[in-house]
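What's in upload-v2.tsv: TSV, C-alpha atoms
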```
chain	number	residue	atom	x	y	z
G	74	MET	CA	-47.96	-35.69	7.34
G	75	GLU	CA	-47.89	-33.98	3.98
G	76	ALA	CA	-44.84	-33.04	1.99
G	77	THR	CA	-42.58	-30.28	3.25
G	78	ASP	CA	-43.23	-27.00	1.51
G	79	SER	CA	-40.35	-25.92	-0.67
G	80	ASN	CA	-40.62	-22.49	1.00
G	81	THR	CA	-40.01	-23.71	4.56
G	82	PRO	CA	-36.81	-22.32	6.04
G	83	LEU	CA	-33.76	-24.53	6.04
G	84	GLY	CA	-32.29	-26.03	9.18
G	85	THR	CA	-35.63	-26.23	10.98
G	86	SER	CA	-36.80	-29.35	12.79
G	87	ASP	CA	-39.92	-29.72	10.61
G	88	GLN	CA	-38.20	-32.07	8.18
G	89	GLY	CA	-39.95	-35.35	8.99
G	90	PRO	CA	-38.66	-38.18	11.18
G	91	ALA	CA	-34.94	-38.94	11.03
G	92	TRP	CA	-35.47	-42.58	9.96
G	93	LYS	CA	-37.33	-41.49	6.82
G	94	CYS	CA	-34.57	-39.07	5.97
G	95	TRP	CA	-31.84	-41.72	6.42
G	96	LEU	CA	-33.75	-44.45	4.64
G	97	GLY	CA	-34.64	-42.01	1.84
G	98	ILE	CA	-31.07	-40.98	1.05
G	99	VAL	CA	-29.71	-44.55	1.28
G	100	THR	CA	-32.52	-45.70	-1.04
G	101	ILE	CA	-31.73	-42.98	-3.58
G	102	VAL	CA	-28.00	-43.79	-3.73
G	103	LEU	CA	-28.51	-47.58	-3.84
G	104	GLY	CA	-31.45	-47.22	-6.24
G	105	LEU	CA	-29.33	-45.25	-8.71
G	106	LEU	CA	-26.50	-47.78	-8.50
G	107	LEU	CA	-28.88	-50.72	-8.92
G	108	THR	CA	-30.64	-49.09	-11.89
G	109	VAL	CA	-27.38	-48.75	-13.80
G	110	SER	CA	-26.12	-52.12	-12.59
G	111	HIS	CA	-29.24	-53.93	-13.89
G	112	GLY	CA	-29.16	-51.82	-17.08
G	113	ASN	CA	-25.52	-52.75	-17.61
G	114	GLU	CA	-26.25	-56.45	-17.07
G	115	ALA	CA	-29.06	-56.25	-19.63
G	116	MET	CA	-26.58	-54.72	-22.09
G	117	ILE	CA	-24.05	-57.51	-21.39
G	118	GLN	CA	-26.67	-60.10	-22.29
G	119	VAL	CA	-27.57	-58.23	-25.49
G	120	VAL	CA	-23.90	-58.13	-26.54
G	121	ALA	CA	-23.06	-61.74	-25.57
G	122	ALA	CA	-25.00	-63.28	-28.42
G	123	PRO	CA	-24.82	-67.06	-28.94
G	124	ASP	CA	-23.04	-68.20	-32.11
G	125	SER	CA	-21.10	-64.95	-32.28
G	126	ALA	CA	-17.44	-64.66	-33.36
G	127	ALA	CA	-15.86	-65.69	-30.03
G	128	VAL	CA	-17.80	-68.96	-29.91
G	129	GLN	CA	-16.98	-69.75	-33.54
G	130	ASP	CA	-13.27	-69.28	-32.73
G	131	LYS	CA	-12.83	-66.77	-35.53
G	132	PRO	CA	-9.31	-65.34	-35.65
G	133	LEU	CA	-8.95	-62.24	-33.50
G	134	LYS	CA	-6.81	-59.40	-34.86
G	135	CYS	CA	-4.57	-57.85	-32.21
G	136	ARG	CA	-2.86	-55.04	-34.11
G	137	GLU	CA	0.23	-53.58	-32.46
G	138	ASP	CA	-0.98	-49.96	-32.65
G	139	GLU	CA	-4.25	-50.95	-30.97
G	140	LEU	CA	-2.41	-52.86	-28.25
G	141	ILE	CA	-0.37	-49.72	-27.51
G	142	GLU	CA	-3.50	-47.54	-27.59
G	143	GLU	CA	-5.32	-49.80	-25.12
G	144	GLY	CA	-2.25	-50.61	-23.01
G	145	LEU	CA	-2.62	-54.35	-23.61
G	146	SER	CA	-0.25	-57.26	-24.03
G	147	LEU	CA	-0.83	-59.70	-26.90
G	148	MET	CA	-1.84	-62.39	-24.41
G	149	GLU	CA	-4.43	-60.08	-22.78
G	150	CYS	CA	-5.86	-59.19	-26.18
G	151	GLN	CA	-6.33	-62.87	-27.04
G	152	LEU	CA	-7.82	-63.61	-23.62
G	153	MET	CA	-10.53	-61.00	-24.22
G	154	ALA	CA	-12.08	-63.30	-26.82
G	155	THR	CA	-11.70	-66.24	-24.44
G	156	THR	CA	-13.47	-64.34	-21.65
G	157	MET	CA	-16.39	-63.60	-23.96
G	158	LYS	CA	-16.46	-67.22	-25.10
G	159	ASN	CA	-16.51	-68.38	-21.46
G	160	LEU	CA	-19.51	-66.16	-20.72
G	161	ILE	CA	-21.50	-67.36	-23.73
G	162	VAL	CA	-20.58	-71.05	-23.57
G	163	SER	CA	-21.23	-71.32	-19.82
G	164	SER	CA	-24.73	-69.79	-20.18
G	165	PRO	CA	-27.52	-72.38	-20.56
G	166	ASP	CA	-29.94	-71.82	-23.48
G	167	TRP	CA	-32.62	-70.27	-21.25
G	168	PHE	CA	-30.29	-67.98	-19.32
G	169	ARG	CA	-29.81	-65.08	-21.76
G	170	CYS	CA	-33.50	-64.43	-22.40
G	171	PHE	CA	-34.34	-64.98	-18.72
G	172	GLN	CA	-31.61	-62.62	-17.52
G	173	MET	CA	-32.56	-59.88	-20.04
G	174	THR	CA	-36.21	-60.00	-18.93
G	175	LEU	CA	-35.36	-60.06	-15.23
G	176	MET	CA	-32.87	-57.21	-15.62
G	177	ALA	CA	-35.36	-55.11	-17.60
G	178	ILE	CA	-37.94	-55.54	-14.81
G	179	GLY	CA	-35.22	-54.93	-12.21
G	180	THR	CA	-34.11	-51.71	-13.93
G	181	VAL	CA	-37.66	-50.33	-13.86
G	182	ILE	CA	-38.25	-51.21	-10.17
G	183	ALA	CA	-34.79	-49.91	-9.18
G	184	ALA	CA	-35.53	-46.62	-10.97
G	185	LEU	CA	-38.88	-46.50	-9.16
G	186	SER	CA	-37.05	-46.99	-5.85
G	187	VAL	CA	-35.15	-43.74	-6.49
G	188	PHE	CA	-38.49	-41.89	-6.55
G	189	ILE	CA	-39.60	-43.79	-3.44
G	190	GLY	CA	-36.39	-42.60	-1.76
G	191	ILE	CA	-37.18	-39.01	-2.72
G	192	ALA	CA	-40.75	-39.44	-1.41
G	193	LEU	CA	-39.44	-40.86	1.89
G	194	PHE	CA	-37.03	-37.96	2.21
G	195	ASP	CA	-39.84	-35.57	1.35
G	196	ASN	CA	-41.93	-37.15	4.15
G	197	ARG	CA	-44.86	-38.09	1.90
G	198	SER	CA	-47.58	-39.93	3.80
G	199	TRP	CA	-47.78	-42.82	1.30
G	200	ALA	CA	-44.03	-43.35	0.96
G	201	SER	CA	-43.51	-45.94	3.75
G	202	LYS	CA	-46.11	-48.41	2.41
G	203	LEU	CA	-44.79	-48.13	-1.12
G	204	ALA	CA	-41.19	-48.45	0.15
G	205	VAL	CA	-41.96	-51.82	1.81
G	206	PHE	CA	-43.59	-53.03	-1.42
G	207	THR	CA	-40.74	-51.79	-3.65
G	208	PHE	CA	-37.93	-53.17	-1.48
G	209	ALA	CA	-39.76	-56.51	-1.22
G	210	SER	CA	-40.05	-56.57	-5.03
G	211	LEU	CA	-36.32	-55.92	-5.38
G	212	LEU	CA	-35.68	-58.62	-2.80
G	213	ALA	CA	-37.82	-61.03	-4.84
G	214	ILE	CA	-35.79	-60.21	-7.97
G	215	ASP	CA	-32.56	-60.97	-6.07
G	216	VAL	CA	-33.97	-64.31	-4.89
G	217	ILE	CA	-35.16	-65.24	-8.40
G	218	GLU	CA	-31.79	-64.29	-9.90
G	219	PHE	CA	-29.93	-66.19	-7.17
G	220	ILE	CA	-31.96	-69.36	-7.82
G	221	ALA	CA	-31.47	-68.96	-11.58
G	222	VAL	CA	-27.70	-68.54	-11.29
G	223	VAL	CA	-27.43	-71.50	-8.88
G	224	ASN	CA	-28.99	-73.59	-11.67
G	225	THR	CA	-26.34	-72.62	-14.23
G	226	GLY	CA	-22.73	-73.79	-13.99
G	227	PRO	CA	-19.68	-73.05	-11.83
G	228	LEU	CA	-18.37	-70.27	-14.11
G	229	LEU	CA	-21.54	-68.18	-13.96
G	230	ARG	CA	-21.97	-68.93	-10.26
G	231	ALA	CA	-18.47	-67.59	-9.62
G	232	HIS	CA	-19.27	-64.54	-11.75
G	233	TYR	CA	-22.69	-63.62	-10.33
G	234	LEU	CA	-23.49	-65.15	-6.95
G	235	TRP	CA	-21.52	-62.89	-4.62
G	236	ASN	CA	-22.86	-59.76	-6.31
G	237	VAL	CA	-26.47	-61.00	-6.16
G	238	PHE	CA	-26.05	-62.06	-2.53
G	239	LEU	CA	-24.71	-58.62	-1.58
G	240	TRP	CA	-27.73	-56.89	-3.13
G	241	PHE	CA	-30.00	-59.44	-1.43
G	242	VAL	CA	-28.59	-58.51	2.00
G	243	LEU	CA	-28.88	-54.78	1.24
G	244	HIS	CA	-32.50	-55.16	0.14
G	245	LEU	CA	-33.26	-57.31	3.17
G	246	MET	CA	-32.01	-54.49	5.41
G	247	LEU	CA	-33.98	-51.85	3.49
G	248	THR	CA	-37.18	-53.92	3.60
G	249	SER	CA	-36.83	-54.51	7.35
G	250	ALA	CA	-36.11	-50.81	8.00
G	251	ALA	CA	-39.11	-49.68	5.95
G	252	PHE	CA	-41.35	-52.26	7.66
G	253	VAL	CA	-40.30	-51.13	11.15
G	254	GLY	CA	-40.81	-47.50	10.10
G	255	LEU	CA	-44.28	-48.30	8.78
G	256	GLN	CA	-45.18	-50.02	12.06
G	257	ALA	CA	-43.93	-47.00	14.06
G	258	GLU	CA	-46.02	-44.69	11.87
G	259	SER	CA	-49.18	-46.80	12.37
G	260	LYS	CA	-48.57	-46.86	16.13
G	261	ALA	CA	-48.09	-43.08	16.22
G	262	ALA	CA	-51.29	-42.57	14.19
G	263	GLN	CA	-53.31	-44.77	16.61
G	264	SER	CA	-52.10	-43.04	19.79
R	19	MET	CA	-40.79	-15.06	-2.76
R	20	GLN	CA	-37.48	-16.82	-3.28
R	21	LYS	CA	-37.73	-20.57	-2.79
R	22	THR	CA	-35.45	-22.64	-0.60
R	23	ALA	CA	-35.42	-25.59	-3.03
R	24	TYR	CA	-33.91	-25.81	-6.51
R	25	SER	CA	-36.30	-25.67	-9.45
R	26	ARG	CA	-37.96	-28.90	-10.58
R	27	THR	CA	-35.98	-28.83	-13.86
R	28	ALA	CA	-32.71	-28.56	-11.92
R	29	VAL	CA	-33.71	-31.49	-9.69
R	30	VAL	CA	-34.64	-33.69	-12.67
R	31	MET	CA	-31.45	-32.74	-14.59
R	32	HIS	CA	-29.31	-33.43	-11.51
R	33	TRP	CA	-30.68	-36.94	-11.01
R	34	LEU	CA	-30.64	-37.77	-14.73
R	35	MET	CA	-26.99	-36.74	-14.82
R	36	ALA	CA	-26.24	-38.82	-11.73
R	37	ALA	CA	-27.78	-41.91	-13.34
R	38	SER	CA	-25.97	-41.23	-16.64
R	39	ILE	CA	-22.58	-40.77	-14.96
R	40	PHE	CA	-22.97	-43.93	-12.85
R	41	PHE	CA	-23.92	-45.86	-15.99
R	42	LEU	CA	-20.93	-44.44	-17.89
R	43	PHE	CA	-18.55	-45.60	-15.16
R	44	ILE	CA	-20.03	-49.06	-14.63
R	45	SER	CA	-20.39	-49.82	-18.34
R	46	SER	CA	-16.92	-48.53	-19.23
R	47	TRP	CA	-15.21	-50.82	-16.70
R	48	TRP	CA	-16.80	-53.77	-18.45
R	49	MET	CA	-16.80	-52.73	-22.12
R	50	LEU	CA	-13.03	-52.22	-22.27
R	51	SER	CA	-12.62	-55.93	-21.58
R	52	LEU	CA	-14.46	-56.79	-24.79
R	53	PRO	CA	-12.43	-58.15	-27.74
R	54	LEU	CA	-10.83	-55.49	-29.95
R	55	PRO	CA	-13.11	-54.57	-32.87
R	56	SER	CA	-12.77	-56.07	-36.32
R	57	LYS	CA	-15.08	-57.19	-39.12
R	58	GLU	CA	-15.91	-60.43	-37.26
R	59	TYR	CA	-15.68	-59.16	-33.69
R	60	SER	CA	-18.36	-56.51	-33.26
R	61	TYR	CA	-18.97	-56.88	-29.51
R	62	ARG	CA	-17.88	-53.30	-28.82
R	63	VAL	CA	-20.30	-51.59	-31.24
R	64	ILE	CA	-23.40	-51.28	-29.00
R	65	PRO	CA	-21.62	-50.54	-25.69
R	66	PHE	CA	-19.34	-47.90	-27.24
R	67	GLN	CA	-22.19	-46.20	-29.10
R	68	LEU	CA	-24.25	-46.20	-25.91
R	69	HIS	CA	-21.28	-44.83	-23.96
R	70	LYS	CA	-20.83	-41.99	-26.45
R	71	ASN	CA	-24.58	-41.28	-26.47
R	72	PHE	CA	-24.74	-40.98	-22.69
R	73	GLY	CA	-21.51	-38.93	-22.57
R	74	ILE	CA	-22.69	-36.40	-25.17
R	75	THR	CA	-26.14	-36.24	-23.55
R	76	ALA	CA	-24.46	-35.52	-20.20
R	77	ILE	CA	-22.99	-32.31	-21.67
R	78	PHE	CA	-26.46	-31.13	-22.72
R	79	LEU	CA	-27.98	-32.09	-19.37
R	80	MET	CA	-25.21	-30.21	-17.58
R	81	ALA	CA	-25.75	-27.12	-19.75
R	82	ILE	CA	-29.49	-27.12	-18.86
R	83	LEU	CA	-28.69	-27.74	-15.18
R	84	LEU	CA	-26.19	-24.87	-15.09
R	85	TYR	CA	-28.65	-22.55	-16.83
R	86	VAL	CA	-31.55	-23.24	-14.45
R	87	ARG	CA	-29.28	-23.21	-11.41
R	88	LEU	CA	-27.92	-19.78	-12.29
R	89	ARG	CA	-31.29	-18.46	-13.49
R	90	TYR	CA	-33.36	-19.58	-10.49
R	91	ARG	CA	-31.21	-19.43	-7.38
R	92	PRO	CA	-32.72	-20.67	-4.13
R	93	THR	CA	-32.12	-18.84	-0.85
R	94	PRO	CA	-28.69	-19.55	0.67
R	95	VAL	CA	-28.52	-22.16	3.42
R	96	THR	CA	-28.54	-21.01	7.05
R	97	LEU	CA	-25.40	-20.89	9.18
R	98	ASP	CA	-26.88	-23.61	11.40
R	99	ALA	CA	-27.01	-26.00	8.47
R	100	MET	CA	-23.65	-25.13	6.95
R	101	LYS	CA	-20.55	-23.47	8.39
R	102	PRO	CA	-18.78	-20.89	6.15
R	103	TRP	CA	-15.83	-23.21	5.41
R	104	MET	CA	-18.26	-25.97	4.43
R	105	HIS	CA	-20.08	-23.58	2.13
R	106	LYS	CA	-16.78	-22.56	0.48
R	107	LEU	CA	-15.73	-26.21	0.08
R	108	ALA	CA	-19.12	-27.13	-1.41
R	109	THR	CA	-18.97	-24.22	-3.88
R	110	LEU	CA	-15.41	-25.18	-4.90
R	111	ASP	CA	-16.38	-28.85	-5.27
R	112	HIS	CA	-19.35	-27.92	-7.48
R	113	ILE	CA	-17.28	-25.63	-9.73
R	114	ILE	CA	-14.53	-28.25	-10.18
R	115	LEU	CA	-17.17	-30.95	-10.64
R	116	TYR	CA	-18.81	-29.07	-13.53
R	117	ILE	CA	-15.44	-28.36	-15.17
R	118	VAL	CA	-14.32	-31.99	-14.85
R	119	ILE	CA	-17.64	-33.39	-16.16
R	120	PHE	CA	-17.28	-31.10	-19.17
R	121	ALA	CA	-13.58	-31.99	-19.67
R	122	CYS	CA	-14.29	-35.71	-19.30
R	123	SER	CA	-17.15	-35.68	-21.81
R	124	LEU	CA	-15.37	-33.42	-24.30
R	125	SER	CA	-12.08	-35.39	-24.21
R	126	GLY	CA	-14.06	-38.60	-24.77
R	127	TYR	CA	-15.79	-37.08	-27.77
R	128	LEU	CA	-12.51	-35.72	-29.20
R	129	SER	CA	-10.78	-39.05	-28.70
R	130	SER	CA	-13.61	-40.73	-30.58
R	131	ALA	CA	-13.56	-38.08	-33.32
R	132	TYR	CA	-9.82	-38.61	-33.98
R	133	SER	CA	-10.17	-42.41	-33.81
R	134	GLY	CA	-11.98	-42.49	-37.14
R	135	TRP	CA	-15.09	-44.14	-35.67
R	136	GLY	CA	-18.26	-42.19	-36.44
R	137	THR	CA	-20.87	-41.25	-33.86
R	138	THR	CA	-24.61	-41.42	-34.44
R	139	LEU	CA	-26.30	-39.79	-31.46
R	140	TRP	CA	-28.94	-42.20	-30.13
R	141	TRP	CA	-28.83	-43.97	-33.51
R	142	VAL	CA	-30.68	-41.01	-35.07
R	143	ILE	CA	-28.47	-37.92	-35.50
R	144	GLU	CA	-25.24	-38.52	-37.38
R	145	LEU	CA	-22.62	-36.17	-35.95
R	146	PRO	CA	-20.38	-34.44	-38.53
R	147	ASP	CA	-17.14	-36.27	-39.25
R	148	TRP	CA	-14.97	-33.13	-38.99
R	149	ALA	CA	-11.71	-34.68	-37.74
R	150	LYS	CA	-9.23	-36.68	-39.79
R	151	GLU	CA	-8.10	-39.93	-38.23
R	152	ASN	CA	-5.07	-39.12	-36.07
R	153	GLU	CA	-3.57	-41.80	-33.85
R	154	GLU	CA	-1.50	-39.40	-31.71
R	155	LEU	CA	-4.41	-37.08	-30.93
R	156	ASN	CA	-6.66	-40.08	-30.32
R	157	ILE	CA	-4.24	-41.45	-27.70
R	158	PHE	CA	-3.71	-37.97	-26.18
R	159	PHE	CA	-7.43	-37.29	-25.71
R	160	SER	CA	-7.99	-40.87	-24.59
R	161	ASP	CA	-5.43	-40.30	-21.80
R	162	VAL	CA	-7.07	-36.97	-20.87
R	163	HIS	CA	-10.44	-38.77	-20.84
R	164	LEU	CA	-9.09	-41.50	-18.57
R	165	TRP	CA	-7.52	-39.17	-15.99
R	166	THR	CA	-10.35	-36.61	-15.93
R	167	CYS	CA	-12.80	-39.47	-15.38
R	168	TRP	CA	-10.77	-40.82	-12.43
R	169	ALA	CA	-10.71	-37.27	-11.05
R	170	LEU	CA	-14.47	-37.10	-11.60
R	171	LEU	CA	-14.96	-40.29	-9.59
R	172	ALA	CA	-12.97	-38.79	-6.71
R	173	LEU	CA	-15.00	-35.54	-6.87
R	174	ILE	CA	-18.28	-37.47	-6.99
R	175	SER	CA	-17.19	-39.36	-3.86
R	176	ILE	CA	-16.61	-36.01	-2.08
R	177	HIS	CA	-19.96	-34.75	-3.41
R	178	ILE	CA	-21.82	-37.85	-2.17
R	179	SER	CA	-20.08	-37.82	1.21
R	180	GLY	CA	-21.12	-34.18	1.68
R	181	ALA	CA	-24.69	-35.02	0.63
R	182	LEU	CA	-24.84	-37.96	3.05
R	183	TYR	CA	-23.46	-35.78	5.87
R	184	HIS	CA	-26.28	-33.26	5.44
R	185	ALA	CA	-28.89	-35.98	4.88
R	186	PHE	CA	-27.97	-37.81	8.11
R	187	ARG	CA	-27.99	-34.48	9.98
R	188	ASN	CA	-31.45	-33.84	8.50
R	189	ASP	CA	-30.57	-30.13	8.29
R	190	GLY	CA	-32.54	-29.38	5.11
R	191	VAL	CA	-29.60	-28.84	2.73
R	192	ILE	CA	-30.21	-32.01	0.69
R	193	ARG	CA	-33.95	-31.39	0.64
R	194	ARG	CA	-33.24	-28.58	-1.85
R	195	MET	CA	-32.22	-31.17	-4.48
R	196	LEU	CA	-34.94	-33.69	-3.57
R	197	HIS	CA	-38.10	-31.65	-3.87
R	198	LEU	CA	-40.25	-32.71	-6.80
```
Starting from the coordinates I provided, produce the structure as structure tokens.
Amino acid sequence: MEATDSNTPLGTSDQGPAWKCWLGIVTIVLGLLLTVSHGNEAMIQVVAAPDSAAVQDKPLKCREDELIEEGLSLMECQLMATTMKNLIVSSPDWFRCFQMTLMAIGTVIAALSVFIGIALFDNRSWASKLAVFTFASLLAIDVIEFIAVVNTGPLLRAHYLWNVFLWFVLHLMLTSAAFVGLQAESKAAQS
Amino acid sequence: MQKTAYSRTAVVMHWLMAASIFFLFISSWWMLSLPLPSKEYSYRVIPFQLHKNFGITAIFLMAILLYVRLRYRPTPVTLDAMKPWMHKLATLDHIILYIVIFACSLSGYLSSAYSGWGTTLWWVIELPDWAKENEELNIFFSDVHLWTCWALLALISIHISGALYHAFRNDGVIRRMLHL
């Protein structure tokens, strides 16, 4: 079935199958969140440069006016440098470059999934096939990231694993739903 | 003939704004945990510049969205799809949403302007340094920024819940913002 005409009246039943509509909107919302989440992670890796000030234990200035402005205690201010140091020191040499590359690819595919969601919602004929492929790609990224994080240390595992696992389960559900939808479409086309 | 869907420009602006606002929230929760800035500690430079870039861009995107939405209005939704009270609530939510997005972005910019830190939009356009450093005004606008942004998050939640309601009903309302 081709895309719905933008001039068709609202509230009619000619809006495509319900599963495409549901899957489409869920894909759009999750796709947007994943795009910014991957983008944000890429930025974290850019900022957390090895051999930067926190790792070199350079003295951190915690001025009183800035503490008031940010609503921080002196201890919290000092811990901010420690948190950054933890992140950098607990990352193996290969991790930063690997994570930046994976997140850049992930950002692009996640952004693409938003368009796939729109296409599903719009009942485009090609959307289901591409949805299975896109969700499977996102699933593969989750698996690769999971394996990578498992091979770091306990600090990074505590920081990343739950988040990656949650996205893995979400993408598993989306892939299964799109696959079942694709099968139903093929069956309907044959009969 | 009047179309039932929003114009393509409005659709693109809407989704670009959605992505920008999500990024602004997610990045801000993390970047405020970075060490306070000094000559040695420059961790905040890139995230804060990026935050300001996205925030200022959001104002421009919203201005374009408002213009095209008011210029090219689609046909109103049918009563089957939306009851009158729902329509009133949606209109109210949209008006408050636009005001709060504007207030959130503007207060962020003003807070930055009075902080004494310059802003170079997307590392290309240096914005005029018109405000003198003022700690009180910086804190005031920073507080306004904080509370308007929390309000924005609440409004976005209402907006998304309404969108999901219509999407799951498959009544055609959401299709107006999803037609490319």
The residues within 10 Å of (-7.1, -55.9, -34.1), using all atoms listed in the file and the coordinates of the file, should be reported as a PDB file with C-alpha atoms, in the coordinates of the input; which are they?
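Dumped everything to part.pdb:
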```
ATOM      1  CA  PRO G 132      -9.310 -65.340 -35.650  1.00  0.00           C
ATOM      2  CA  LEU G 133      -8.950 -62.240 -33.500  1.00  0.00           C
ATOM      3  CA  LYS G 134      -6.810 -59.400 -34.860  1.00  0.00           C
ATOM      4  CA  CYS G 135      -4.570 -57.850 -32.210  1.00  0.00           C
ATOM      5  CA  ARG G 136      -2.860 -55.040 -34.110  1.00  0.00           C
ATOM      6  CA  GLU G 137       0.230 -53.580 -32.460  1.00  0.00           C
ATOM      7  CA  ASP G 138      -0.980 -49.960 -32.650  1.00  0.00           C
ATOM      8  CA  GLU G 139      -4.250 -50.950 -30.970  1.00  0.00           C
ATOM      9  CA  LEU G 140      -2.410 -52.860 -28.250  1.00  0.00           C
ATOM     10  CA  CYS G 150      -5.860 -59.190 -26.180  1.00  0.00           C
ATOM     11  CA  GLN G 151      -6.330 -62.870 -27.040  1.00  0.00           C
TER      12      GLN G 151
ATOM     13  CA  PRO R  53     -12.430 -58.150 -27.740  1.00  0.00           C
ATOM     14  CA  LEU R  54     -10.830 -55.490 -29.950  1.00  0.00           C
ATOM     15  CA  PRO R  55     -13.110 -54.570 -32.870  1.00  0.00           C
ATOM     16  CA  SER R  56     -12.770 -56.070 -36.320  1.00  0.00           C
ATOM     17  CA  LYS R  57     -15.080 -57.190 -39.120  1.00  0.00           C
ATOM     18  CA  TYR R  59     -15.680 -59.160 -33.690  1.00  0.00           C
TER      19      TYR R  59
END
```
Nearest to Leu68 (chain R) by atom-to-atom distance, counting all atoms listed in the file, from G:Val120, G:Pro227, G:Cys94, G:Gly104 |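 Comparing G:Val120, G:Pro227, G:Cys94, G:Gly104 against Leu68 (chain R), the winner is G:Val120.
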Using only C-alpha atoms, I'd like a table of the residues in chain R that come within 8 Å of chain G; for each, show the closest atom pair and its distance in Å rounded to one decimal, ordered by chain and ascending number, as CSV.
```
residue,atom,partner,partner_atom,distance
R:Gln20,CA,G:Asn80,CA,7.8
R:Lys21,CA,G:Asn80,CA,5.1
R:Thr22,CA,G:Asn80,CA,5.4
R:Ala23,CA,G:Ser79,CA,5.5
R:Ala36,CA,G:Leu105,CA,7.7
R:Ala37,CA,G:Leu105,CA,5.9
R:Phe40,CA,G:Val109,CA,6.6
R:Phe41,CA,G:Val109,CA,5.0
R:Ile44,CA,G:Ser110,CA,7.1
R:Ser45,CA,G:Asn113,CA,6.0
R:Ser51,CA,G:Met153,CA,6.1
R:Leu52,CA,G:Met153,CA,5.8
R:Pro53,CA,G:Met153,CA,4.9
R:Leu54,CA,G:Cys135,CA,7.1
R:Ser56,CA,G:Lys134,CA,7.0
R:Glu58,CA,G:Ala126,CA,6.0
R:Tyr59,CA,G:Ala126,CA,5.8
R:Tyr61,CA,G:Val120,CA,5.9
R:Ile64,CA,G:Val120,CA,7.3
R:Pro65,CA,G:Met116,CA,7.4
R:Val95,CA,G:Leu83,CA,6.3
R:Thr96,CA,G:Leu83,CA,6.4
R:Asp98,CA,G:Gly84,CA,6.3
R:Ala99,CA,G:Gly84,CA,5.3
R:Ile157,CA,G:Glu142,CA,6.1
R:Leu182,CA,G:Ile98,CA,7.2
R:Ala185,CA,G:Cys94,CA,6.6
R:Phe186,CA,G:Trp95,CA,5.8
R:Asn188,CA,G:Cys94,CA,6.6
R:Asp189,CA,G:Gly84,CA,4.5
R:Gly190,CA,G:Leu83,CA,5.1
R:Val191,CA,G:Leu83,CA,6.8
R:Arg193,CA,G:Asp195,CA,7.3
R:Arg194,CA,G:Ser79,CA,7.7
R:Leu196,CA,G:Ile191,CA,5.8
R:His197,CA,G:Asp195,CA,6.8
```
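Put simply, CA of Trp148 (chain R) is 25.5 Å away from CA of Ile82 (chain R).
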When distances are computed from all atoms listed in the file, which of R:Val162, R:Met49, R:Ala108, R:Ile113 shows the smallest separation from Gly126 (chain R)?
-> R:Val162
Using only C-alpha atoms: which of G:Tyr233, G:Phe252, G:Phe206, G:Trp240 has the shortest distance to Ser186 (chain G) = G:Phe206
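If you look at CA of His244 (chain G) and CA of Leu212 (chain G), they are 5.5 Å away from each other.
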Counting all atoms listed in the file, which of G:Ala213, G:Ile182, G:Val205, G:Ala115 gets nearest to Val242 (chain G)?
->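 Nearest candidate to Val242 (chain G) out of G:Ala213, G:Ile182, G:Val205, G:Ala115: G:Ala213.
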Distance criterion (only C-alpha atoms): nearest to Ser133 (chain R) out of R:Ser179, R:Phe120, R:Asn152, R:Ile174 |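 Nearest to Ser133 (chain R): R:Asn152.
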What is the CA of Leu255 (chain G)-CA of Ser201 (chain G) distance in Å, reported with one decimal?
->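 The value is 5.6 Å.
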Between R:Leu34, R:Val86, R:Ile74, R:Ala121, which is the closest to His163 (chain R) once you count only C-alpha atoms?
->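 Between R:Leu34, R:Val86, R:Ile74, R:Ala121, the residue approaching His163 (chain R) most closely is R:Ala121.
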Test item: which residues lie within 12 Å of (-18.8, -44.6, -34.9) counting only C-alpha atoms, as a ChimeraX atom specification | /R:55,62-71,127,129-141,143-147
Let me have the centre and edge lengths in Å, one decimal, of the box along x, y and z around every listed atom of region 89-105 of chain R with 3 Å of margin on each side, as lines of an AutoDock Vina configuration file.
```
center_x = -24.6
center_y = -22.2
center_z = -1.0
size_x = 23.5
size_y = 13.5
size_z = 30.9
```
